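Enquirer: My questions all concern the structure below.
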Amino acid sequence: MTQADPVATPPDIQTMLARLIALPSVSSASPEWDQSNAAVINLLEEWLQPLGFRTEVLPVPGRDGKFNLVATLGSGPGGLVLSGHTDTVPYDPSRWQSDPFTLTERDDRWYGLGTCDMKGFFALAIEAARELAGKKLKQPLILLATADEESSMDGARALAEAGYPKARYAVIGEPTNLRPIRMHKGIMMERLAFEGQSGHSSNPALGRNALEGMHQAMSELLALRADWQARYRNPAFEVAVPTLNLGCIHGGDNPNRICRRCELHFDLRPLPGMAMTELREAILERLQPLARARQLDLTFEPLFDGVPPFETAADAELVKACEALTGHRAEAVAFATEAPWLQKLGMETLVLGPGSIDQAHQPDEFLALSQVAPTVTLLRQLIQRFCLE
């Protein structure tokens with residue numbers, strides 16, 4: 001990383017966001033899309049140091065070109081973390097009305113890749129922190145910028161494994177229309193494969209049909225889904241039950257040939273209180289006897305490590321404070337965030353930020369100008385409550 005300019009001060013909000021948007025930082029499981037986030041981290045560090053923040057740039061282990069930034073103002077064991085991710089999803093420029101990397105204002109909105117998800121949050125958080133320069137904080141303020149939230153979540157995972165940073169409260173500025181979120185479902189994406197024996201279709205005894213085994217396996221998965229949906233329910237969620245989606249399947253090569261290999265990818269979204277390891281064990285308990293009976297080799301593994309479900313108690317101090325400041329009761333959402341890893345660090349954690357998830361991951365992503373000033377005001381109130389008072 002480069003040494004930040006000690007005399008540079010943060011520009012205005014619009015300029016900060018324009019410069020952040022101009023720096024491509026796509027993260028993706030596809031190598032042809034994946035990019036470093038170093039330039040974004042450098043720029044944030046450049047703006048935060050003149051405000052008095054101590055900055056630490058932490059390489060993500062095993063991920064070249066990927067970095068987390070921990071910027072701390074003040075000292076002490078408690079304090080508040082304002083957290084966001086520096087990466088964006090891939091994009092299709094042909095579907096955008098304007099350049100995804102040029103901040104464009106029209107219809108009282110700022111358009112650009114990452115405006116709401118979620119580079120805009122950094123510009124607003126830095127603006128909220130600007131007036132703290134020279135003030136003595138009773139508890140520290142930490143701005144946390146992570147890598148690869150949109151793909152592996154390895155940035156947040158690395159912080160949790162390192163046990164750092166430490167604070168008492170954490171707000172993740174994902175787009176929630178400034179409504180506090182205290183719960184979300186987890187995400188599991190799994191790969192199931194059966195390997196059998198090919199042969200001429202005129203005589204089934206010549207082979208072991210992996211596709212027929214997968215047909216039976218899918219029935220078992222759907223039966224498990226029904227069982228879980230009968231046992232687990234949380235009315236706080238729009239879809240109150242855990243979901244399991246059979247997403248894609250590939251197998252065989254010709255109608256007159258016994259299918260040797262078949263592979264299924266599926267998605268499972270557990271509710272808070274459902275442990276991912278236990279769900280995987282339950283799936284294996286159903287599928288291993290089936291594979292043995294059909295003499296099929298079974299492979300079952302995650303496509304990525306998954307995101308655990310998240311819940312902060314309704315009576316937590318941070319939840320009550322954010323409800324009072326926003327005028328909205330804390331809600332639950334189906335999309336996942338880095339909240340489980342910040343929670344593992346021992347912090348009361350909430351998701352609360354400007355913009356709508358409906359605009360995230362979409363062409364012509366935007367942040368409504370009507371949310372800019374209220375976000376800065378809200379973040380200043382949180383800093384006042386948890387760092388100054």
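Every chain in the structure tokens takes a letter, A first, then B, and so on in the order presented; its residues are numbered from 1, and the ligands are numbered from 1 following the presented order.
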List as a VMD selection string the protein and nucleic acid residues near A:Trp96, meaning an atom at most 9 Å away when only C-alpha atoms are counted, but skip any in the same chain fewer than 4 places from it.
Expert: chain A and resid 91 to 92 100 363 to 365
Enquirer: Which of stretch 101-188 of chain A counts as alpha helix (DSSP H) under DSSP, as a list of chain:residue names please?
Expert: A:Gly120, A:Phe121, A:Phe122, A:Ala123, A:Leu124, A:Ala125, A:Ile126, A:Glu127, A:Ala128, A:Ala129, A:Arg130, A:Asp154, A:Gly155, A:Ala156, A:Arg157, A:Ala158, A:Leu159, A:Ala160, A:Glu161, A:Ala162
Enquirer: With only C-alpha atoms as the counted atoms, please give the residues lying no more than 12 Å from A:Ala373, apart from itself and same-chain residues fewer than 2 positions off, as a list of chain:residue names.
Expert: A:Ile13, A:Gln14, A:Phe121, A:Ala123, A:Leu124, A:Ala125, A:Glu127, A:Ala128, A:Leu178, A:Pro354, A:Leu367, A:Ala368, A:Leu369, A:Ser370, A:Gln371, A:Thr375, A:Val376, A:Thr377, A:Leu378, A:Leu379, A:Arg380
Enquirer: Looking at A:Asn245, A:Thr277, A:Asn234, A:Asn37, which one is nearest to A:Met183, with distances taken over only C-alpha atoms?
Expert: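 Looking only at the distances to A:Met183, the closest residue turns out to be A:Asn234.
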Enquirer: For A:Ala133, find every residue with an atom within 12 Å (counting only C-alpha atoms), except residues of its own chain fewer than 6 positions away, and show them as a ChimeraX atom specification.
Expert: /A:9-10,48-53,73-74,126-127,141
Enquirer: Can you tell me which residues surround A:His265 at a distance of at most 10 Å, considering only C-alpha atoms, apart from same-chain residues fewer than 2 positions away, and format the answer as a ChimeraX atom specification?
Expert: /A:189-193,245-250,263,267,300-303
Enquirer: Which value, in Å to one decimal, gives the distance between atom CA of A:Tyr232 and atom CA of A:Met188?
Expert: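 Computing it gives 16.7 Å between the two atoms.
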Enquirer: Would you mind reading off the distance between atom CA of A:Val60 and atom CA of A:Gln35, one decimal, in Å?
Expert: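 Distance reported for this atom pair: 13.6 Å.
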